[in-house]
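Chemist: Dropping the structure in here first, questions after.
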Amino acid sequence: MGSIVTNAYNVIFAVVYALLAQNHTLAVSFGVAIAVWTVLAFAGGTVTWTLASAIILNIVVIAFSLWLSAPLRHAPMPRVQTRWYDLVLRATMVALLVGIVVALSFRIGPTASGNLAVFPIVLSSIMIILHHRAGGPATAAVMANAVIGLGGFGVAALALNLTAERFGSPLALTLALLVSVGGNLLIYFVRRRLATA
């Protein structure tokens with residue numbers, strides 16, 4: 001449940017960054033976006049979420065964010081040279097997050113663990129790596145397009161929520177992965193078809 005709710009916060013995080021990155025530095029764009037995410041996470045912790053309210057939150061946030069971020073999705077992306085430490089930075093950030101979630105999960109409970117498990121670490125690492133190399137508008141386009149993928153992640157988290165207790169972790173995680181992969185393939189083929197139309 002926590003991951004489904006936090007998915008909506010991640011969408012807002014991506015859109016806030018994308019809007020600010022058009023004309024601001026990484027420090028301002030990322031700083032404001034992470035501050036908004038933090039406020040939402042703490043405020044959301046005071047709400048008793050149901051599955052229905054979490055789904056409605058995601059539908060409203062994603063629909064509005066898709067509309068708001070649509071003009072930002074098509075900025076030109078310059079050629080960016082990857083550096084060996086990009087992968088190290090991303091892997092280190094993800095490993096730290098996993099370590100923190102595992103260490104704290106028994107103290108903070110399942111909902112807070114679910115919230116923390118989907119902290120926008122991957123989105124953050126993309127912002128940090130690309131903003132200086134590709135520029136704010138190009139990185140913003142990546143984040144604006146991420147809103148679509150986060151919609152798919154929300155559906156995968158919902159599938160996990162609906163199947164974990166009923167079928168057990170291995171099968172539920174497999175089904176969630178299949179939903180996620182299927183959603184991404186659907187997005188790929190729809191975009192490919194629209195590009196050739």
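By convention here, the chains of the structure tokens are called A, B, ... in the order presented, each chain's residues are numbered starting at 1, and ligands are numbered starting at 1 in the order presented.
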Each residue of segment 28-70 of chain A with at least one atom at most 10 Å from segment 155-176 of chain A should appear once, together with its nearest atom pair and the corresponding distance in Å (one decimal); atoms considered: only C-alpha atoms; ordering: chain, then increasing residue number; output as a Markdown table.
Modeler:
| residue | atom | partner | partner_atom | distance |
| --- | --- | --- | --- | --- |
| A:Leu51 | CA | A:Leu158 | CA | 8.5 |
| A:Ala54 | CA | A:Leu158 | CA | 9.4 |
| A:Ile55 | CA | A:Leu158 | CA | 8.2 |
| A:Asn58 | CA | A:Val155 | CA | 9.6 |
Chemist: Please identify all polymer residues within 10 Å of segment 182-192 of chain A, counting only C-alpha atoms, omitting same-chain residues fewer than 2 positions from it, and present them as a compact mmCIF listing (two decimals) with C-alpha atoms, in the first residue's frame.
Modeler:
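Resulting contents of result_13.txt:
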# COMPACT_ATOMS: atom_id res chain seq x y z
CA ILE A 148 4.18 7.33 -18.27
CA GLY A 149 6.44 4.62 -16.86
CA GLY A 151 1.85 4.86 -14.28
CA GLY A 152 2.90 1.35 -15.28
CA PHE A 153 4.81 0.93 -12.03
CA VAL A 155 -0.25 -0.89 -11.90
CA ALA A 156 2.55 -3.37 -11.07
CA ALA A 176 4.14 -7.80 -10.73
CA LEU A 177 7.28 -8.08 -12.87
CA LEU A 178 5.24 -9.43 -15.80
CA VAL A 179 2.77 -6.55 -15.44
CA SER A 180 5.67 -4.07 -15.40
CA LEU A 194 2.52 6.58 -33.48
CA ALA A 195 5.98 7.46 -34.82
CA THR A 196 5.34 5.56 -38.07
CA ALA A 197 1.78 6.82 -38.50
Chemist: Using only C-alpha atoms, which residue out of A:Leu19, A:Val80, A:Leu116, A:Ile129 lies closest to Gly99 of chain A?
Modeler: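 For Gly99 of chain A, the nearest of the candidates is A:Leu116.
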Chemist: Taking only C-alpha atoms into account, name the residue in A:Val11, A:Ala112, A:Ala63, A:Leu104 that is nearest to Gly45 of chain A.
Modeler: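 Counting only C-alpha atoms, the residue closest to Gly45 of chain A is A:Ala112.
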Chemist: Measuring atom to atom with only C-alpha atoms, identify which of A:Asn145, A:Thr48, A:Thr38, A:Thr139 is nearest to Thr6 of chain A.
Modeler: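 Distance minimum relative to Thr6 of chain A lands on A:Thr38.
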Chemist: For each of A:Ala14, A:Ala33, A:Ala140, A:Leu130, take the minimum atom-to-atom distance to Arg83 of chain A, counting only C-alpha atoms, then give the residue where this is smallest.
Modeler: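 Once distances to Arg83 of chain A are computed over only C-alpha atoms, the minimum belongs to A:Leu130.
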Chemist: I'd like to know which of A:Gln22, A:Ile12, A:Ser29, A:Pro120 is closest to Val60 of chain A, using only C-alpha atoms.
Modeler: A:Ile12
Chemist: Go ahead and compute the interatomic distance for atom CA of Gly44 of chain A and atom CA of Gly109 of chain A, in Å to one decimal.
Modeler: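 Between these atoms lies a distance of 15.0 Å.
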Chemist: Given only C-alpha atoms as the basis, pick out the residue of A:Val147, A:Val94, A:Val5, A:Ile121 nearest to Ala41 of chain A.
Modeler: A:Val5
